[in-house]
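Take a look at the structure below.
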Amino acid sequence: MNVIVFNCGSSSMKFQIIDTDKEKIEQNKDRQLAKGLIERIGSQSLISFQVEGKSSFKEALPLRDHRAALNYIIKWITSPETEIPGIRGLEDIHAIGHRVVHGGEKFKESIRIDNDVIQGIEDCIDLAPLHNPANLKGIYAAREIFGPSIPQVAIFDTAFHSTMPETNYLYAIPYQIYRRYKIRKYGFHGTSHRYISFRYRVLTNKTREETNIITLHLGNGSSACAIKNGKSFATSMGFTPLEGLVMGTRCGDIDPTVIEYLAHKEGATIDEVFSILNKRSGVLGISGLTNDMRDLIAEVEEHQDRRAQLAIDMFCERVKKYIGAYAAAMNACDAICFSAGIGENSPLIREKICENLDILGIKIDKKLNNQAVGGKEMKISHKESKIEIYVIPTNEELVFARDTVRVVMNLPKSK
Ligand code: ADP
C-alpha cells in the first residue's frame, strides 16, 4: 500500500511516500519511496524533492497557497520523468496521513478523517492557533484534490500523552479553570516518543507492560517523556511546547511572573513577551549567537566562547533535572533513550547529560557513545551502568504511515 504522509506548517509542506502494509509493518520492511519539502508557501517558494536513492530535484517558484503546493507535488509525483517505483498516477496512492499538532482532550489516537473529525480539529484551533490551521490547510487541500475515495487519517502529536494521569497533566490552578478552558498539560512530540518506545521494545524484546524508560527528543524543539508500563506517564512540554527543557529558541520552564514583570519593564505587549520567550530565548538567548547546537559546540571548541558554553551547560543541566525527576516519579527506569537532531548526533551532549548521574547508577560507555552518530541505533551504556542508555533515531513519518495503514485497514496496535 502506498501512503503519502503530510506534515504542514503555516508556510511549509513536507511529505513522504512510504510503501507499507500489515506484513511490511510486522517485518519492519516499510520502504520510503520519495520525500519532499516546500518552504515559503505564499511567496517565492523553495522546493526540494527526492526519489529514494536518486539525487534531489530543486526549484524556486511562486506557489500561492497549500492547494497550489499540493498540486505541484502531485504534478511531480505523477510526472513520467520522476519515476517513483510503483507510482505512475494518482491511483497508485492508496491512503493519506496528516500530522495534526493538537488533538485536545478529544483525540486519543489516530483517526480516519471525516467531517466530524475536521470539526474536532477546528475546535482545537484555540489551543494551537499557529499549528492546527496549518495542518487543516493540508487536509482541506488533499480532500479537494484527491477526492473522497482516498482515505485520509489524522495523527496527533498530543495523542500519545493522553494516558498521563491527572496528577501529571493538571496544573495546580483552580480546578474550575481547567474545566472551563481545558488549561492543562497536553505534551507534544508524542509520535516521536511513541516510536522511540516501540523501537526500545523491539531492541530489548520487552512487552509494553515491562517498558519503564525516559525518552529524550532533543532537537531544535526538545522534550522528555517518562514512559511507564509502555504509556506516557509525564512529559516536559505542557499546555504549549514552550514548557520544559531549554530549547533552540524557547526558554522552557520559567516562573510565569517574569511575563508580567517583563511586559511592565519593557512596555511590551503579552504577544511581544511571548515572542521573546518562544523565539529569542533558549540556547540562542543565552549564547547570543545561534540556536544551532552544532555551531554552539564549534564556538566553544574554536573560540572558547563563554556564553556558548553556558548555553550548552544549561541545556544539559535541564535534561539532567528531568531525568532525575522522572526516575523518581516512576520509581523505575530501565533505560534512557536519546533521539532527534542533537540526541542522535552529539556524543558530547549525551556525555555531558549522563555525567555525574552516579546517584542513579548511570554510566555511559565513551567509545560506544562516540560511535553512535549519523542515524545509528545502538546501546551506548557501560556494562556496569544500572540504567541502560540507547541512541534511537526517531522516524515520525514512518509512524504516520503505519498509523494510516492501521486505521484504514482496521489493524490492531503494535505489540
Ligand atoms: P527539529 O526537528 O526540532 O527542528 P532536529 O531534530 O532536526 O530539530 O534537530 C536540530 C538540532 O540538532 C540543531 O540544533 C542541530 O544543530 C542539532 N544537530 C544536528 N547534528 C548535530 C551534531 N552532529 N552535533 C550537535 N548537534 C547537532
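Letters A, B, ... go to the chains of the C-alpha cells in the order shown; residues in each chain start at 1; ligands are counted from 1 in the same order.
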
Backbone-only DSSP, helix (DSSP H, G or I) members of range 64-311 of chain A, as a VMD selection string: chain A and resid 66 to 78 90 to 92 115 to 123 131 to 146 159 to 163 166 to 169 175 to 181 190 to 204 257 to 266 270 to 279 282 to 287 293 to 303 306 to 311

Expected selection as a ChimeraX atom specification for ligand 1 within 10 Å, only C-alpha atoms and all ligand atoms: /A:189,217-223,247-249,283,290-298,339-350,373-374,393-394

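For the pair CA of Ser12 in chain A and CA of Val153 in chain A, the interatomic distance is 19.5 Å.
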
For Ala263 in chain A: contacts at 12 Å, only C-alpha atoms, fewer than 5 positions along chain excluded, given as a ChimeraX atom specification: /A:256-258,268-277

Restricted to all heavy atoms, what would the selected residues look like written as an mmCIF file, in the first residue's frame?
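Saved as out32.cif:
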```
data_model
loop_
_atom_site.group_PDB
_atom_site.id
_atom_site.type_symbol
_atom_site.label_atom_id
_atom_site.label_comp_id
_atom_site.auth_asym_id
_atom_site.auth_seq_id
_atom_site.Cartn_x
_atom_site.Cartn_y
_atom_site.Cartn_z
ATOM 1 N N PRO A 256 6.090 32.152 35.807
ATOM 2 C CA PRO A 256 5.177 32.964 34.993
ATOM 3 C C PRO A 256 5.164 34.451 35.365
ATOM 4 O O PRO A 256 4.798 35.297 34.549
ATOM 5 C CB PRO A 256 3.800 32.343 35.224
ATOM 6 C CG PRO A 256 3.967 31.249 36.180
ATOM 7 C CD PRO A 256 5.412 31.032 36.470
ATOM 8 N N THR A 257 5.609 34.763 36.567
ATOM 9 C CA THR A 257 5.641 36.169 36.984
ATOM 10 C C THR A 257 6.577 36.988 36.093
ATOM 11 O O THR A 257 6.401 38.198 35.922
ATOM 12 C CB THR A 257 6.106 36.265 38.455
ATOM 13 O OG1 THR A 257 5.435 35.270 39.190
ATOM 14 C CG2 THR A 257 5.798 37.619 39.045
ATOM 15 N N VAL A 258 7.583 36.329 35.546
ATOM 16 C CA VAL A 258 8.534 37.003 34.653
ATOM 17 C C VAL A 258 7.785 37.690 33.502
ATOM 18 O O VAL A 258 8.173 38.774 33.060
ATOM 19 C CB VAL A 258 9.547 35.961 34.088
ATOM 20 C CG1 VAL A 258 10.389 36.559 32.978
ATOM 21 C CG2 VAL A 258 10.425 35.418 35.207
ATOM 22 N N ALA A 268 6.082 46.241 26.953
ATOM 23 C CA ALA A 268 5.798 45.316 25.847
ATOM 24 C C ALA A 268 4.410 44.701 26.005
ATOM 25 O O ALA A 268 3.882 44.624 27.124
ATOM 26 C CB ALA A 268 6.840 44.208 25.828
ATOM 27 N N THR A 269 3.827 44.280 24.899
ATOM 28 C CA THR A 269 2.551 43.569 24.973
ATOM 29 C C THR A 269 2.835 42.117 25.361
ATOM 30 O O THR A 269 3.975 41.650 25.261
ATOM 31 C CB THR A 269 1.843 43.571 23.603
ATOM 32 O OG1 THR A 269 2.682 42.865 22.677
ATOM 33 C CG2 THR A 269 1.583 44.978 23.097
ATOM 34 N N ILE A 270 1.766 41.412 25.736
ATOM 35 C CA ILE A 270 1.907 39.991 26.076
ATOM 36 C C ILE A 270 2.474 39.229 24.869
ATOM 37 O O ILE A 270 3.346 38.376 25.003
ATOM 38 C CB ILE A 270 0.526 39.407 26.488
ATOM 39 C CG1 ILE A 270 0.035 40.056 27.780
ATOM 40 C CG2 ILE A 270 0.576 37.896 26.630
ATOM 41 C CD1 ILE A 270 0.756 39.631 29.028
ATOM 42 N N ASP A 271 1.971 39.567 23.685
ATOM 43 C CA ASP A 271 2.469 38.890 22.473
ATOM 44 C C ASP A 271 3.963 39.096 22.293
ATOM 45 O O ASP A 271 4.687 38.177 21.917
ATOM 46 C CB ASP A 271 1.757 39.434 21.216
ATOM 47 C CG ASP A 271 0.385 38.828 21.077
ATOM 48 O OD1 ASP A 271 0.032 37.969 21.900
ATOM 49 O OD2 ASP A 271 -0.346 39.226 20.136
ATOM 50 N N GLU A 272 4.406 40.321 22.569
ATOM 51 C CA GLU A 272 5.842 40.605 22.412
ATOM 52 C C GLU A 272 6.681 39.817 23.425
ATOM 53 O O GLU A 272 7.741 39.293 23.091
ATOM 54 C CB GLU A 272 6.110 42.120 22.560
ATOM 55 C CG GLU A 272 5.712 42.898 21.314
ATOM 56 C CD GLU A 272 5.543 44.406 21.551
ATOM 57 O OE1 GLU A 272 5.536 44.853 22.724
ATOM 58 O OE2 GLU A 272 5.403 45.126 20.555
ATOM 59 N N VAL A 273 6.172 39.717 24.640
ATOM 60 C CA VAL A 273 6.909 38.946 25.647
ATOM 61 C C VAL A 273 6.974 37.475 25.216
ATOM 62 O O VAL A 273 8.024 36.835 25.284
ATOM 63 C CB VAL A 273 6.257 39.088 27.041
ATOM 64 C CG1 VAL A 273 6.933 38.162 28.037
ATOM 65 C CG2 VAL A 273 6.324 40.528 27.518
ATOM 66 N N PHE A 274 5.850 36.954 24.730
ATOM 67 C CA PHE A 274 5.869 35.550 24.306
ATOM 68 C C PHE A 274 6.758 35.324 23.097
ATOM 69 O O PHE A 274 7.356 34.257 22.952
ATOM 70 C CB PHE A 274 4.445 35.024 24.081
ATOM 71 C CG PHE A 274 3.874 34.544 25.367
ATOM 72 C CD1 PHE A 274 2.978 35.311 26.080
ATOM 73 C CD2 PHE A 274 4.308 33.353 25.918
ATOM 74 C CE1 PHE A 274 2.502 34.902 27.310
ATOM 75 C CE2 PHE A 274 3.846 32.923 27.142
ATOM 76 C CZ PHE A 274 2.937 33.700 27.848
ATOM 77 N N SER A 275 6.851 36.352 22.274
ATOM 78 C CA SER A 275 7.759 36.216 21.137
ATOM 79 C C SER A 275 9.200 36.100 21.651
ATOM 80 O O SER A 275 9.989 35.301 21.151
ATOM 81 C CB SER A 275 7.561 37.429 20.218
ATOM 82 O OG SER A 275 8.557 37.452 19.274
ATOM 83 N N ILE A 276 9.542 36.851 22.705
ATOM 84 C CA ILE A 276 10.888 36.734 23.299
ATOM 85 C C ILE A 276 11.091 35.320 23.848
ATOM 86 O O ILE A 276 12.108 34.683 23.596
ATOM 87 C CB ILE A 276 11.083 37.770 24.447
ATOM 88 C CG1 ILE A 276 11.036 39.196 23.881
ATOM 89 C CG2 ILE A 276 12.400 37.519 25.198
ATOM 90 C CD1 ILE A 276 11.089 40.292 24.935
ATOM 91 N N LEU A 277 10.084 34.825 24.583
ATOM 92 C CA LEU A 277 10.252 33.517 25.235
ATOM 93 C C LEU A 277 10.253 32.353 24.248
ATOM 94 O O LEU A 277 10.885 31.331 24.489
ATOM 95 C CB LEU A 277 9.149 33.301 26.281
ATOM 96 C CG LEU A 277 9.079 34.340 27.403
ATOM 97 C CD1 LEU A 277 7.965 33.994 28.381
ATOM 98 C CD2 LEU A 277 10.413 34.445 28.144
#
```

Backbone-only DSSP, strand (DSSP E) members of range 10-217 of chain A, as a PyMOL selection string: chain A and resi 13-19+31-39+44-51+57-62+95-100+111-112+152-156+213-217

Could you write out the selected residues, including C-alpha atoms, as a short mmCIF file (atom, residue, chain, number, x, y, z; two decimals), in the first residue's frame?
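Final output, out16.cif:
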```cif
data_model
loop_
_atom_site.label_atom_id
_atom_site.label_comp_id
_atom_site.auth_asym_id
_atom_site.auth_seq_id
_atom_site.Cartn_x
_atom_site.Cartn_y
_atom_site.Cartn_z
CA MET A 13 4.56 21.37 3.37
CA LYS A 14 6.63 18.26 3.99
CA PHE A 15 5.69 14.88 2.54
CA GLN A 16 6.90 11.32 2.25
CA ILE A 17 5.61 8.45 0.23
CA ILE A 18 6.01 5.16 2.05
CA ASP A 19 5.17 1.68 0.83
CA ARG A 31 10.05 1.37 2.19
CA GLN A 32 10.39 5.10 1.78
CA LEU A 33 9.84 5.84 -1.93
CA ALA A 34 10.12 9.60 -2.10
CA LYS A 35 10.12 12.69 0.05
CA GLY A 36 9.94 16.42 -0.34
CA LEU A 37 9.69 19.81 1.24
CA ILE A 38 8.17 23.06 0.03
CA GLU A 39 9.06 26.10 2.09
CA GLN A 44 8.86 32.64 -3.81
CA SER A 45 8.64 29.00 -2.67
CA LEU A 46 11.67 26.77 -2.28
CA ILE A 47 11.13 23.24 -3.48
CA SER A 48 13.25 20.21 -2.76
CA PHE A 49 12.01 16.75 -3.81
CA GLN A 50 13.79 13.43 -3.86
CA VAL A 51 13.08 9.95 -5.10
CA PHE A 57 15.25 17.96 -7.57
CA LYS A 58 15.34 21.60 -6.53
CA GLU A 59 13.40 24.57 -7.80
CA ALA A 60 12.21 28.00 -6.70
CA LEU A 61 8.89 29.36 -7.96
CA PRO A 62 5.91 31.18 -6.51
CA ALA A 95 -4.11 6.48 1.58
CA ILE A 96 -3.09 9.80 3.09
CA GLY A 97 -1.84 10.56 6.59
CA HIS A 98 -1.74 14.04 8.09
CA ARG A 99 0.22 15.11 11.13
CA VAL A 100 -2.00 17.23 13.34
CA ILE A 111 -8.43 8.50 13.36
CA ARG A 112 -9.92 8.45 9.89
CA GLN A 152 -7.28 10.20 4.99
CA VAL A 153 -6.08 9.76 8.55
CA ALA A 154 -5.10 12.30 11.23
CA ILE A 155 -2.19 11.51 13.54
CA PHE A 156 -1.96 13.76 16.60
CA ILE A 213 12.05 4.34 30.31
CA ILE A 214 12.83 8.01 29.79
CA THR A 215 12.84 9.15 26.17
CA LEU A 216 14.66 12.35 25.21
CA HIS A 217 13.72 14.02 21.95
#
```

Selected residue of minimal separation from Asp92 in chain A among A:Asn410, A:Ser192, A:Gln119, A:Asn2, counting only C-alpha atoms: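 Of A:Asn410, A:Ser192, A:Gln119, A:Asn2, the one nearest Asp92 in chain A, counting only C-alpha atoms, is A:Asn2.
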